[in-house]
$ cat work.cif   # mmCIF, C-alpha atoms
data_input
loop_
_atom_site.label_atom_id
_atom_site.label_comp_id
_atom_site.auth_asym_id
_atom_site.auth_seq_id
_atom_site.Cartn_x
_atom_site.Cartn_y
_atom_site.Cartn_z
CA MET A 1 -120.20 44.34 -99.32
CA LEU A 2 -119.73 45.38 -95.76
CA THR A 3 -122.99 43.63 -94.74
CA THR A 4 -121.99 40.35 -96.36
CA ARG A 5 -118.75 40.40 -94.45
CA ARG A 6 -120.55 41.07 -91.19
CA ILE A 7 -123.04 38.29 -91.80
CA THR A 8 -120.25 35.86 -92.56
CA LEU A 9 -118.41 36.89 -89.44
CA LEU A 10 -121.60 36.48 -87.42
CA LEU A 11 -122.23 33.00 -88.78
CA VAL A 12 -118.68 31.90 -88.13
CA SER A 13 -118.77 33.32 -84.60
CA ILE A 14 -122.04 31.54 -83.82
CA ALA A 15 -120.67 28.28 -85.16
CA THR A 16 -117.46 28.69 -83.19
CA GLY A 17 -119.33 29.46 -80.00
CA PHE A 18 -121.54 26.44 -80.46
CA LEU A 19 -118.59 24.18 -81.11
CA VAL A 20 -116.70 25.42 -78.08
CA THR A 21 -119.70 24.88 -75.80
CA TYR A 22 -120.34 21.45 -77.24
CA ALA A 23 -116.76 20.41 -76.88
CA TYR A 24 -116.73 21.62 -73.29
CA LYS A 25 -119.83 19.62 -72.47
CA VAL A 26 -118.55 16.43 -74.04
CA THR A 27 -115.28 16.68 -72.16
CA GLN A 28 -117.07 17.37 -68.90
CA GLN A 29 -119.30 14.32 -69.30
CA GLN A 30 -116.30 12.07 -69.80
CA GLU A 31 -114.68 13.41 -66.69
CA VAL A 32 -117.72 12.56 -64.62
CA GLN A 33 -117.85 8.99 -65.93
CA LEU A 34 -114.30 8.01 -65.19
CA PRO A 35 -114.14 8.33 -61.42
CA ALA A 36 -117.33 6.27 -60.99
CA SER A 37 -115.78 3.05 -62.24
CA PHE A 38 -112.49 3.95 -60.69
CA GLU A 39 -114.09 4.40 -57.28
CA GLN A 40 -115.92 1.11 -57.62
CA ARG A 41 -112.70 -0.68 -58.38
CA GLU A 42 -111.01 0.99 -55.46
CA ALA A 43 -113.86 -0.09 -53.20
CA TYR A 44 -113.47 -3.71 -54.29
CA ARG A 45 -109.75 -3.51 -53.86
CA GLN A 46 -110.17 -2.12 -50.39
CA GLU A 47 -112.60 -4.89 -49.55
CA LEU A 48 -110.19 -7.49 -50.89
CA ILE A 49 -107.38 -6.13 -48.76
CA GLU A 50 -109.56 -6.17 -45.67
CA GLN A 51 -110.64 -9.73 -46.38
CA GLN A 52 -107.04 -10.79 -46.86
CA GLU A 53 -106.10 -9.23 -43.56
CA ARG A 54 -108.96 -10.97 -41.81
CA ASN A 55 -107.90 -14.27 -43.37
CA LYS A 56 -104.35 -13.71 -42.28
CA ALA A 57 -105.51 -13.13 -38.72
CA LEU A 58 -107.67 -16.24 -38.92
CA ALA A 59 -104.78 -18.31 -40.25
CA GLU A 60 -102.73 -17.21 -37.27
CA GLU A 61 -105.57 -17.97 -34.90
CA LEU A 62 -105.91 -21.43 -36.42
CA ARG A 63 -102.19 -22.02 -36.06
CA ALA A 64 -102.35 -21.01 -32.41
CA VAL A 65 -105.25 -23.38 -31.71
CA GLN A 66 -103.55 -26.20 -33.60
CA GLU A 67 -100.34 -25.65 -31.73
CA ALA A 68 -102.24 -25.79 -28.46
CA VAL A 69 -103.75 -29.09 -29.56
CA PHE A 70 -100.36 -30.51 -30.53
CA ALA A 71 -98.80 -29.29 -27.32
CA TYR A 72 -101.54 -30.93 -25.31
CA GLU A 73 -101.15 -34.16 -27.23
CA GLN A 74 -97.40 -34.15 -26.70
CA GLN A 75 -97.98 -33.63 -23.01
CA LEU A 76 -100.37 -36.58 -22.99
CA ALA A 77 -97.80 -38.70 -24.74
CA THR A 78 -95.25 -38.05 -22.01
CA GLU A 79 -97.82 -38.76 -19.31
CA ALA A 80 -98.75 -42.26 -20.33
CA ARG A 81 -97.32 -44.86 -22.68
CA GLU A 82 -100.69 -45.89 -24.05
CA TYR A 83 -101.23 -42.43 -25.50
CA GLU A 84 -97.88 -42.28 -27.18
CA GLN A 85 -98.71 -44.50 -30.12
CA ASN A 86 -101.86 -42.56 -30.96
CA VAL A 87 -100.14 -39.21 -30.64
CA ASP A 88 -97.33 -40.30 -32.95
CA GLU A 89 -99.83 -41.65 -35.42
CA ALA A 90 -101.79 -38.38 -35.35
CA GLU A 91 -98.63 -36.43 -36.01
CA ARG A 92 -97.60 -38.61 -38.92
CA LEU A 93 -101.06 -38.29 -40.46
CA ARG A 94 -101.00 -34.51 -40.05
CA GLN A 95 -97.65 -34.44 -41.85
CA LEU A 96 -99.14 -36.50 -44.66
CA ILE A 97 -102.20 -34.30 -45.06
CA GLY A 98 -100.12 -31.16 -44.79
CA LEU A 99 -101.54 -29.80 -41.53
CA LEU A 100 -98.06 -29.64 -40.07
CA PRO A 101 -95.01 -28.05 -41.68
CA ALA A 102 -92.62 -30.61 -43.10
CA GLU A 103 -88.93 -30.43 -42.47
CA GLY A 104 -85.94 -32.44 -43.50
CA GLN A 105 -83.46 -33.13 -46.25
CA GLY A 106 -84.63 -32.99 -49.80
CA VAL A 107 -84.10 -31.64 -53.25
CA ARG A 108 -84.89 -28.35 -54.97
CA VAL A 109 -85.61 -28.33 -58.69
CA THR A 110 -85.88 -24.98 -60.47
CA LEU A 111 -87.47 -24.75 -63.89
CA GLU A 112 -86.88 -21.62 -65.94
CA ASP A 113 -88.02 -20.60 -69.38
CA GLY A 114 -85.38 -21.08 -72.04
CA ASP A 115 -83.72 -18.05 -73.63
CA TYR A 116 -85.59 -16.23 -76.36
CA ASP A 117 -84.77 -17.96 -79.58
CA PRO A 118 -85.03 -15.75 -82.67
CA ARG A 119 -85.14 -18.81 -84.92
CA SER A 120 -88.25 -20.08 -83.23
CA TYR A 121 -91.47 -18.31 -84.05
CA ASN A 122 -93.38 -20.03 -81.31
CA PRO A 123 -92.57 -19.10 -77.72
CA ASN A 124 -94.26 -22.36 -76.68
CA ASP A 125 -91.09 -24.08 -77.80
CA TYR A 126 -89.01 -22.70 -74.98
CA ILE A 127 -91.29 -21.87 -72.03
CA VAL A 128 -92.15 -24.07 -69.06
CA HIS A 129 -95.48 -25.85 -69.39
CA GLU A 130 -97.65 -27.55 -66.83
CA ARG A 131 -96.60 -30.96 -68.09
CA HIS A 132 -92.98 -30.20 -67.21
CA ILE A 133 -93.90 -29.40 -63.63
CA PHE A 134 -96.22 -32.37 -63.65
CA GLU A 135 -93.46 -34.72 -64.72
CA VAL A 136 -91.05 -33.47 -62.10
CA VAL A 137 -93.60 -33.69 -59.29
CA ASN A 138 -94.63 -37.16 -60.37
CA GLU A 139 -91.06 -38.37 -60.60
CA LEU A 140 -90.33 -37.01 -57.13
CA LYS A 141 -93.40 -38.77 -55.75
CA ILE A 142 -92.37 -42.04 -57.38
CA ALA A 143 -88.95 -41.66 -55.78
CA GLY A 144 -90.66 -41.46 -52.42
CA ALA A 145 -91.00 -37.77 -51.63
CA ASP A 146 -92.94 -37.22 -48.41
CA ALA A 147 -94.00 -33.67 -49.15
CA VAL A 148 -93.82 -31.48 -52.26
CA ALA A 149 -94.26 -27.74 -52.70
CA ILE A 150 -94.33 -25.56 -55.81
CA ASN A 151 -93.08 -22.01 -55.30
CA GLY A 152 -93.70 -22.49 -51.61
CA LYS A 153 -97.22 -23.83 -52.02
CA ARG A 154 -97.52 -27.22 -50.36
CA LEU A 155 -99.28 -29.80 -52.47
CA LYS A 156 -102.19 -31.78 -51.04
CA ALA A 157 -103.58 -35.10 -52.19
CA ASN A 158 -106.14 -33.31 -54.34
CA SER A 159 -103.92 -30.60 -55.78
CA TYR A 160 -104.12 -29.71 -59.44
CA ILE A 161 -101.91 -27.89 -61.88
CA PHE A 162 -102.80 -26.21 -65.13
CA CYS A 163 -101.29 -23.87 -67.63
CA ASN A 164 -103.00 -20.53 -68.06
CA GLY A 165 -101.11 -18.61 -70.70
CA PRO A 166 -97.79 -17.45 -69.29
CA VAL A 167 -98.61 -18.49 -65.72
CA VAL A 168 -99.12 -21.89 -64.15
CA VAL A 169 -102.02 -22.27 -61.75
CA VAL A 170 -101.55 -24.49 -58.71
CA ASP A 171 -104.72 -25.01 -56.67
CA GLY A 172 -106.20 -21.78 -57.98
CA GLU A 173 -103.14 -19.64 -57.28
CA GLU A 174 -101.15 -18.28 -60.20
CA PHE A 175 -97.40 -18.55 -60.38
CA PRO A 176 -95.07 -17.10 -62.99
CA ALA A 177 -91.75 -18.68 -64.02
CA PRO A 178 -89.30 -19.61 -62.60
CA PHE A 179 -90.89 -22.53 -60.81
CA VAL A 180 -89.21 -23.87 -57.71
CA ILE A 181 -90.26 -27.40 -56.85
CA GLU A 182 -89.15 -28.54 -53.42
CA ALA A 183 -89.51 -32.08 -52.17
CA ILE A 184 -88.67 -33.64 -48.84
CA GLY A 185 -87.26 -37.13 -48.82
CA GLU A 186 -84.00 -39.01 -49.20
CA ARG A 187 -82.13 -36.36 -51.18
CA ASN A 188 -79.78 -38.62 -53.11
CA THR A 189 -82.62 -40.87 -54.20
CA LEU A 190 -84.71 -37.90 -55.27
CA GLU A 191 -81.86 -36.33 -57.17
CA GLU A 192 -81.02 -39.58 -58.88
CA ALA A 193 -84.65 -40.04 -59.90
CA VAL A 194 -84.74 -36.69 -61.64
CA ARG A 195 -81.31 -37.09 -63.23
CA LEU A 196 -81.89 -40.61 -64.52
CA THR A 197 -80.67 -40.98 -68.11
CA GLY A 198 -83.58 -40.75 -70.50
CA GLY A 199 -85.72 -39.52 -67.66
CA VAL A 200 -87.30 -36.25 -66.70
CA LEU A 201 -84.18 -34.12 -66.89
CA ASP A 202 -83.38 -35.22 -70.43
CA ARG A 203 -86.93 -34.55 -71.55
CA LEU A 204 -86.92 -31.10 -69.95
CA VAL A 205 -83.60 -30.17 -71.51
CA ASN A 206 -84.91 -31.42 -74.82
CA ASP A 207 -87.82 -28.99 -74.46
CA ARG A 208 -85.28 -26.22 -73.86
CA VAL A 209 -86.28 -25.68 -70.24
CA VAL A 210 -83.47 -24.46 -68.01
CA VAL A 211 -83.27 -26.87 -65.08
CA THR A 212 -81.29 -26.61 -61.87
CA ILE A 213 -81.25 -29.47 -59.40
CA GLU A 214 -79.77 -29.05 -55.97
CA PRO A 215 -79.87 -31.42 -53.02
CA VAL A 216 -80.62 -29.52 -49.83
CA GLU A 217 -79.66 -30.63 -46.36
CA ARG A 218 -82.52 -28.85 -44.66
CA LEU A 219 -85.77 -27.89 -46.32
CA MET A 220 -88.82 -26.34 -44.68
CA LEU A 221 -92.21 -26.70 -46.32
CA GLY A 222 -95.13 -24.77 -44.88
CA VAL A 223 -98.61 -26.05 -44.14
CA ALA A 224 -101.09 -26.71 -46.92
CA GLN A 225 -103.97 -24.34 -47.40
CA VAL A 226 -107.12 -25.38 -45.58
CA GLY A 227 -110.35 -26.03 -47.42
CA GLU A 228 -111.11 -28.08 -50.48
CA MET B 1 -107.39 41.53 -98.01
CA LYS B 2 -110.99 40.33 -98.07
CA THR B 3 -110.09 37.02 -99.65
CA PHE B 4 -107.30 36.59 -97.15
CA LEU B 5 -109.69 37.12 -94.23
CA PHE B 6 -112.15 34.62 -95.67
CA THR B 7 -109.43 32.08 -96.18
CA VAL B 8 -108.28 32.41 -92.58
CA LEU B 9 -111.80 32.27 -91.17
CA PHE B 10 -112.86 29.24 -93.15
CA CYS B 11 -109.63 27.45 -92.41
CA LEU B 12 -110.31 28.00 -88.72
CA PHE B 13 -113.91 26.93 -89.12
CA GLY B 14 -112.97 23.80 -91.03
CA PHE B 15 -110.35 22.92 -88.47
CA LEU B 16 -112.80 23.25 -85.61
CA VAL B 17 -115.39 21.12 -87.38
CA ALA B 18 -112.76 18.46 -88.04
CA VAL B 19 -111.66 18.44 -84.40
CA GLN B 20 -115.24 18.29 -83.19
CA TYR B 21 -116.13 15.50 -85.58
CA ASN B 22 -113.14 13.59 -84.41
CA THR B 23 -114.01 14.01 -80.72
CA VAL B 24 -117.60 12.92 -81.13
CA HIS B 25 -117.04 10.08 -83.53
CA THR B 26 -113.97 8.45 -82.08
CA PRO B 27 -115.57 5.47 -80.41
CA GLN B 28 -115.23 5.78 -76.69
CA GLU B 29 -112.56 3.45 -75.50
CA VAL B 30 -114.07 0.18 -74.37
CA ARG B 31 -113.36 0.28 -70.69
CA ASP B 32 -111.27 -2.62 -69.49
CA THR B 33 -113.35 -4.06 -66.70
CA ARG B 34 -111.19 -7.13 -66.43
CA GLU B 35 -109.24 -5.76 -63.57
CA THR B 36 -112.37 -5.08 -61.55
CA TRP B 37 -113.63 -8.52 -62.44
CA GLU B 38 -110.36 -10.08 -61.38
CA ILE B 39 -110.46 -8.28 -58.08
CA ARG B 40 -113.99 -9.51 -57.47
CA GLN B 41 -112.99 -13.06 -58.24
CA ALA B 42 -110.05 -12.88 -55.88
CA LEU B 43 -112.41 -11.49 -53.28
CA ALA B 44 -114.80 -14.41 -53.72
CA GLU B 45 -111.92 -16.85 -53.27
CA GLU B 46 -110.74 -15.10 -50.14
CA ARG B 47 -114.24 -15.32 -48.70
CA GLU B 48 -114.37 -19.04 -49.32
CA GLN B 49 -111.03 -19.34 -47.62
CA HIS B 50 -112.44 -17.30 -44.77
CA SER B 51 -115.21 -19.77 -44.04
CA ALA B 52 -112.80 -22.69 -44.38
CA TYR B 53 -110.63 -21.11 -41.71
CA LEU B 54 -113.58 -20.49 -39.41
CA GLU B 55 -114.68 -24.10 -39.76
CA GLN B 56 -111.21 -25.40 -38.97
CA ILE B 57 -110.79 -23.11 -35.98
CA GLU B 58 -114.12 -24.20 -34.59
CA GLN B 59 -113.21 -27.85 -35.06
CA GLN B 60 -109.80 -27.53 -33.45
CA THR B 61 -111.11 -25.48 -30.54
CA ALA B 62 -113.76 -28.12 -29.91
CA LEU B 63 -111.07 -30.79 -29.94
CA LEU B 64 -108.98 -28.87 -27.44
CA THR B 65 -111.94 -28.42 -25.10
CA GLN B 66 -112.67 -32.12 -25.41
CA TYR B 67 -109.10 -32.98 -24.46
CA LYS B 68 -109.14 -30.71 -21.47
CA ARG B 69 -112.47 -31.90 -20.14
CA ALA B 70 -111.81 -35.56 -20.69
CA THR B 71 -111.02 -37.92 -17.85
CA THR B 72 -108.20 -40.42 -18.26
CA ASP B 73 -110.43 -43.04 -19.86
CA GLU B 74 -112.05 -40.58 -22.18
CA THR B 75 -108.73 -39.13 -23.28
CA THR B 76 -107.82 -42.39 -24.99
CA GLN B 77 -111.15 -42.25 -26.78
CA VAL B 78 -110.67 -38.65 -27.93
CA LEU B 79 -107.18 -39.49 -29.17
CA THR B 80 -108.45 -42.48 -31.09
CA ASP B 81 -111.22 -40.34 -32.59
CA THR B 82 -108.67 -37.74 -33.66
CA VAL B 83 -106.58 -40.40 -35.37
CA THR B 84 -109.64 -41.87 -37.08
CA GLN B 85 -110.72 -38.45 -38.29
CA LEU B 86 -107.22 -37.74 -39.65
CA GLU B 87 -107.15 -41.15 -41.33
CA GLN B 88 -110.40 -40.26 -43.03
CA VAL B 89 -108.97 -37.03 -44.42
CA ALA B 90 -105.79 -38.79 -45.50
CA GLY B 91 -107.73 -41.50 -47.34
CA LEU B 92 -106.79 -44.47 -45.18
CA THR B 93 -110.38 -45.39 -44.40
CA PRO B 94 -113.20 -46.38 -46.77
CA TYR B 95 -115.41 -43.55 -47.94
CA ASN B 96 -119.12 -43.56 -48.45
CA GLY B 97 -120.89 -40.37 -49.45
CA PRO B 98 -121.63 -38.05 -52.35
CA GLY B 99 -119.66 -38.64 -55.51
CA ILE B 100 -119.69 -40.01 -59.03
CA THR B 101 -118.55 -43.19 -60.71
CA VAL B 102 -116.71 -43.25 -64.03
CA HIS B 103 -116.45 -46.35 -66.19
CA ILE B 104 -113.64 -46.62 -68.69
CA ALA B 105 -113.95 -49.38 -71.26
CA PRO B 106 -112.36 -50.27 -74.61
CA ALA B 107 -114.19 -48.62 -77.52
CA GLU B 108 -116.49 -50.98 -79.40
CA GLU B 109 -114.92 -50.02 -82.70
CA ALA B 110 -111.53 -51.07 -81.40
CA VAL B 111 -112.92 -54.37 -80.15
CA ALA B 112 -114.62 -54.98 -83.51
CA LEU B 113 -111.37 -54.32 -85.28
CA GLY B 114 -109.73 -56.90 -83.08
CA LEU B 115 -107.36 -54.47 -81.40
CA GLU B 116 -106.12 -55.88 -78.18
CA ALA B 117 -107.04 -53.90 -75.12
CA SER B 118 -104.03 -52.27 -73.53
CA HIS B 119 -103.46 -50.36 -70.32
CA ILE B 120 -104.59 -46.76 -70.00
CA PRO B 121 -101.58 -44.69 -71.07
CA VAL B 122 -100.05 -43.22 -67.95
CA THR B 123 -100.05 -39.62 -69.18
CA THR B 124 -103.73 -39.85 -70.08
CA LEU B 125 -104.58 -41.17 -66.65
CA GLN B 126 -102.49 -38.51 -64.91
CA ARG B 127 -104.16 -35.81 -66.95
CA PHE B 128 -107.56 -37.25 -66.16
CA VAL B 129 -106.81 -37.31 -62.43
CA ASN B 130 -105.52 -33.73 -62.56
CA ASP B 131 -108.70 -32.61 -64.32
CA MET B 132 -110.88 -34.38 -61.76
CA TYR B 133 -109.15 -32.59 -58.90
CA ARG B 134 -109.36 -29.33 -60.79
CA TYR B 135 -113.11 -29.68 -61.16
CA GLY B 136 -113.76 -30.36 -57.49
CA ALA B 137 -112.92 -33.99 -56.71
CA ARG B 138 -112.03 -34.48 -53.07
CA SER B 139 -110.66 -37.99 -53.27
CA ILE B 140 -110.23 -40.59 -56.01
CA ASP B 141 -110.08 -44.37 -56.18
CA ILE B 142 -108.83 -45.90 -59.44
CA ALA B 143 -109.82 -49.56 -59.78
CA GLY B 144 -109.65 -50.00 -56.04
CA GLU B 145 -106.45 -48.01 -55.54
CA ARG B 146 -107.11 -44.94 -53.42
CA LEU B 147 -105.01 -41.90 -54.24
CA ILE B 148 -103.39 -40.22 -51.22
CA ALA B 149 -100.92 -37.36 -50.89
CA THR B 150 -97.92 -39.50 -51.80
CA SER B 151 -99.55 -41.62 -54.51
CA ALA B 152 -97.89 -41.75 -57.90
CA ILE B 153 -99.24 -42.97 -61.20
CA ARG B 154 -96.50 -44.47 -63.31
CA THR B 155 -95.72 -47.03 -65.91
CA ILE B 156 -93.57 -50.08 -65.35
CA GLY B 157 -92.84 -51.70 -68.66
CA ASP B 158 -96.18 -51.28 -70.38
CA VAL B 159 -98.22 -51.76 -67.24
CA THR B 160 -99.88 -48.77 -65.62
CA THR B 161 -99.49 -48.74 -61.86
CA VAL B 162 -101.04 -46.75 -59.05
CA ASN B 163 -99.45 -46.82 -55.60
CA SER B 164 -96.83 -49.14 -57.15
CA ARG B 165 -99.44 -51.78 -57.89
CA ALA B 166 -100.59 -52.66 -61.38
CA ILE B 167 -104.16 -51.74 -62.15
CA GLN B 168 -106.33 -53.82 -64.41
CA LYS B 169 -106.71 -53.12 -68.10
CA PRO B 170 -109.94 -51.38 -69.10
CA PRO B 171 -112.78 -51.96 -68.44
CA LEU B 172 -112.20 -50.40 -65.05
CA THR B 173 -114.04 -48.15 -62.66
CA ILE B 174 -113.01 -44.88 -61.05
CA HIS B 175 -114.86 -43.64 -57.97
CA ILE B 176 -114.68 -39.96 -57.11
CA ALA B 177 -115.69 -38.39 -53.80
CA THR B 178 -116.99 -34.83 -53.65
CA THR B 179 -118.13 -32.58 -50.81
CA THR B 180 -121.76 -32.40 -51.85
CA LEU B 181 -124.11 -33.88 -54.39
CA GLU B 182 -124.22 -30.54 -56.24
CA ALA B 183 -120.42 -30.54 -56.44
CA ALA B 184 -120.66 -34.04 -57.91
CA GLU B 185 -123.05 -32.81 -60.61
CA THR B 186 -120.75 -29.89 -61.44
CA LEU B 187 -117.81 -32.28 -61.66
CA ARG B 188 -119.74 -34.60 -63.95
CA GLN B 189 -120.73 -31.81 -66.30
CA ARG B 190 -117.21 -30.46 -66.48
CA LEU B 191 -115.66 -33.88 -66.99
CA VAL B 192 -117.95 -34.57 -69.95
CA VAL B 193 -116.41 -31.69 -71.87
CA SER B 194 -112.85 -31.95 -70.55
CA THR B 195 -109.90 -32.55 -72.83
CA ALA B 196 -108.84 -35.47 -70.66
CA VAL B 197 -111.94 -37.40 -71.69
CA GLU B 198 -111.24 -36.56 -75.30
CA SER B 199 -107.76 -37.94 -75.05
CA LEU B 200 -109.19 -41.18 -73.67
CA TYR B 201 -111.22 -41.47 -76.88
CA ILE B 202 -108.04 -41.04 -78.87
CA ASP B 203 -106.62 -44.00 -76.97
CA ASN B 204 -109.58 -46.12 -78.13
CA LEU B 205 -111.32 -45.99 -74.78
CA THR B 206 -114.84 -44.90 -73.97
CA VAL B 207 -115.90 -43.07 -70.87
CA GLN B 208 -119.24 -43.42 -69.21
CA ILE B 209 -120.02 -41.15 -66.28
CA ASP B 210 -122.84 -42.21 -63.97
CA ALA B 211 -125.27 -39.78 -62.40
CA PRO B 212 -124.11 -38.39 -59.03
CA SER B 213 -124.94 -40.68 -56.15
CA GLN B 214 -125.16 -40.13 -52.43
CA ASN B 215 -123.76 -43.63 -51.98
CA THR B 216 -120.43 -43.57 -53.74
CA THR B 217 -117.92 -45.89 -52.12
CA LEU B 218 -114.16 -45.48 -52.24
CA ALA B 219 -111.73 -48.16 -51.15
CA PRO B 220 -109.21 -47.22 -48.45
CA TYR B 221 -105.52 -46.85 -49.20
CA VAL B 222 -103.66 -50.05 -48.53
CA GLY B 223 -99.95 -50.34 -47.93
CA ASP B 224 -97.29 -48.85 -45.81
CA ARG B 225 -96.83 -45.15 -46.17
CA ASN B 226 -93.15 -45.04 -45.44
#
$ encode --input "work.cif" --output "structure tokens"
Amino acid sequence: MLTTRRITLLLVSIATGFLVTYAYKVTQQQEVQLPASFEQREAYRQELIEQQERNKALAEELRAVQEAVFAYEQQLATEAREYEQNVDEAERLRQLIGLLPAEGQGVRVTLEDGDYDPRSYNPNDYIVHERHIFEVVNELKIAGADAVAINGKRLKANSYIFCNGPVVVVDGEEFPAPFVIEAIGERNTLEEAVRLTGGVLDRLVNDRVVVTIEPVERLMLGVAQVGE
Amino acid sequence: MKTFLFTVLFCLFGFLVAVQYNTVHTPQEVRDTRETWEIRQALAEEREQHSAYLEQIEQQTALLTQYKRATTDETTQVLTDTVTQLEQVAGLTPYNGPGITVHIAPAEEAVALGLEASHIPVTTLQRFVNDMYRYGARSIDIAGERLIATSAIRTIGDVTTVNSRAIQKPPLTIHIATTTLEAAETLRQRLVVSTAVESLYIDNLTVQIDAPSQNTTLAPYVGDRN
């Protein structure tokens, strides 16, 4: 009787010991795996930050060179009359392309997602979509806007907009709601264009988008991103 | 006493086995690598931006040196060159280079049914233009109307206009400029499967995209900008 009990105890002890060791090993293995991927991600992140810093420095360098060019051109323009026309033309073209910051009166249109509606099962019914932004930008262009920016990102001739789930992508950069569309131009004309009965504003409101339109006396739009 | 001891021991044993089984057989969490992937993508974009900056800086520095070295006569020339180069970027001059040509025509079925050809719906055209830019188009000319930064596509009555001028009803041709021939091929392939092309079919129009050509010509923008 005593032997049976001892044997049982022995077996149980062996099993317990085995289990404890096994469990320890499994846990240890997992611990080793985790930091590897974590470190890799950190390395990429670090690299990204460095690259962003380099780009920022380069952007500043580019600005400095461009400013030197503009300054030189302006100086030329004052020196001789024959240069003036060309210099003015160059400046106007740079404004158009977005190489120079644009400044002037304009209008600011803010699009926000509608309030959560418990009666609606589909959030698509009350969030801002690309087509809403699209319509506003297009309407502003029709009304003669000289420069347009979305959430501070200046639009170029070949800019594109698309909806990517909850965010809207403008030229590869993602923006969440609310969307602030700023346009430079004759502010009353621009405002009228958006407010026109049966026009953009009505359609937006109909889609339960919260819209704010404000004419601004002085707007500043930055330069467009270089590259394609 | 004996039974009690056995009960306790086997309970403990059973519990341990259950815990162990659970640890080993719970599938290891699928690691979310999306974040790493996203970081890498952002990194790739930043690098592209990096080379774009370098190119621009080089160009502008060269221009500045040119200005400073130039004699009075040459200065006029450099200025004119600058303006011409800017006009090119803005789309005020004709373009000839790599790109693709897209033909939009009424669908044969619609013609057979006797449906009268109508203008391209403005939303379809806008969507198509947006998709083209998204897939790498550098500049676009729709039936001879070049799109520039301030161009708008709109409808007046039932006529579709670009740059405030009516464009012809299909069949019409769209020329698209790209940076390289490879970019043109990528654009072509992406356009073929884009939703914008599908929506043209819904409007009873067919789309034919030519093979990329090194000799794609775009008309210059005409009209006053202000």
$ residues_around --input "work.cif" --residues "Ala42 of chain B" --least-positions-apart "6" --cutoff "12 Å" --atoms "all atoms listed in the file" --output "ChimeraX atom specification"
/A:44-45,47-49,51-52,172-174 /B:35-36,48-49
$ write_last_selection --input "work.cif" --atoms "C-alpha atoms" --output "PDB file, in the coordinates of the input"
ATOM      1  CA  TYR A  44    -113.470  -3.710 -54.290  1.00  0.00           C
ATOM      2  CA  ARG A  45    -109.750  -3.510 -53.860  1.00  0.00           C
ATOM      3  CA  GLU A  47    -112.600  -4.890 -49.550  1.00  0.00           C
ATOM      4  CA  LEU A  48    -110.190  -7.490 -50.890  1.00  0.00           C
ATOM      5  CA  ILE A  49    -107.380  -6.130 -48.760  1.00  0.00           C
ATOM      6  CA  GLN A  51    -110.640  -9.730 -46.380  1.00  0.00           C
ATOM      7  CA  GLN A  52    -107.040 -10.790 -46.860  1.00  0.00           C
ATOM      8  CA  GLY A 172    -106.200 -21.780 -57.980  1.00  0.00           C
ATOM      9  CA  GLU A 173    -103.140 -19.640 -57.280  1.00  0.00           C
ATOM     10  CA  GLU A 174    -101.150 -18.280 -60.200  1.00  0.00           C
TER      11      GLU A 174
ATOM     12  CA  GLU B  35    -109.240  -5.760 -63.570  1.00  0.00           C
ATOM     13  CA  THR B  36    -112.370  -5.080 -61.550  1.00  0.00           C
ATOM     14  CA  GLU B  48    -114.370 -19.040 -49.320  1.00  0.00           C
ATOM     15  CA  GLN B  49    -111.030 -19.340 -47.620  1.00  0.00           C
TER      16      GLN B  49
END
$ interface_residues --input "work.cif" --of "chain B" --to "chain A" --cutoff "8 Å" --atoms "only C-alpha atoms" --output "PyMOL selection string"
chain B and resi 9+13+16-17+20+23-24+36+39-40+42-43+46-47+49-50+52-54+56-57+60-61+63-64+67+76+79-80+82-83+86-87+89-90+130-131+133-134+136-139+147-154
$ resolve_selection --input "work.cif" --expression "the PyMOL selection byres ((chain B and resi 102-108) around 8)" --output "list of chain:residue names"
B:Ile100, B:Thr101, B:Glu109, B:Ala110, B:Val111, B:Ala112, B:Ala117, B:Pro170, B:Pro171, B:Leu172, B:Thr173, B:Ile174, B:His175, B:Ile176, B:Tyr201, B:Asn204, B:Leu205, B:Thr206, B:Val207, B:Gln208, B:Ile209, B:Asp210
$ resolve_selection --input "work.cif" --expression "the PyMOL selection byres ((chain A and resi 133) around 12)" --output "PyMOL selection string"
chain A and resi 109-112+127-132+134-140+148-151+160-163+168-170+175+177-182+194+200-201+203-204+209+211
$ atom_distance --input "work.cif" --atom1 "atom CA of Thr180 of chain B" --atom2 "atom CA of Ile140 of chain B"
14.7 Å
$ resolve_selection --input "work.cif" --expression "the PyMOL selection byres ((chain B and resi 118-128) around 8)" --output "list of chain:residue names"
B:Glu116, B:Ala117, B:Val129, B:Asn130, B:Asp131, B:Met132, B:Ile153, B:Arg154, B:Thr155, B:Asp158, B:Val159, B:Thr160, B:Gln168, B:Lys169, B:Pro170, B:Ala196, B:Val197, B:Ser199, B:Leu200, B:Asp203
$ closest_residue --input "work.cif" --among "A:Gly114, A:Asp202, A:Gly104, A:Val167" --to "Val216 of chain A" --atoms "only C-alpha atoms"
A:Gly104
$ residues_around --input "work.cif" --residues "Val222 of chain B" --least-positions-apart "2" --cutoff "10 Å" --atoms "only C-alpha atoms" --output "list in words"
Gly91, Leu92, Thr93, Gly144, Glu145, Arg146, Asn163, Ala219, Pro220, Asp224 and Arg225 of chain B
$ atom_distance --input "work.cif" --atom1 "atom CA of Ala224 of chain A" --atom2 "atom CA of Leu218 of chain B"
23.5 Å
$ atom_distance --input "work.cif" --atom1 "atom CA of Arg195 of chain A" --atom2 "atom CA of Gly106 of chain A"
14.4 Å
$ residues_around --input "work.cif" --residues "Leu221 of chain A" --least-positions-apart "4" --cutoff "7 Å" --atoms "all atoms listed in the file" --output "list in words"
Pro101, Ala102, Glu103, Ala149, Gly152 and Arg154 of chain A
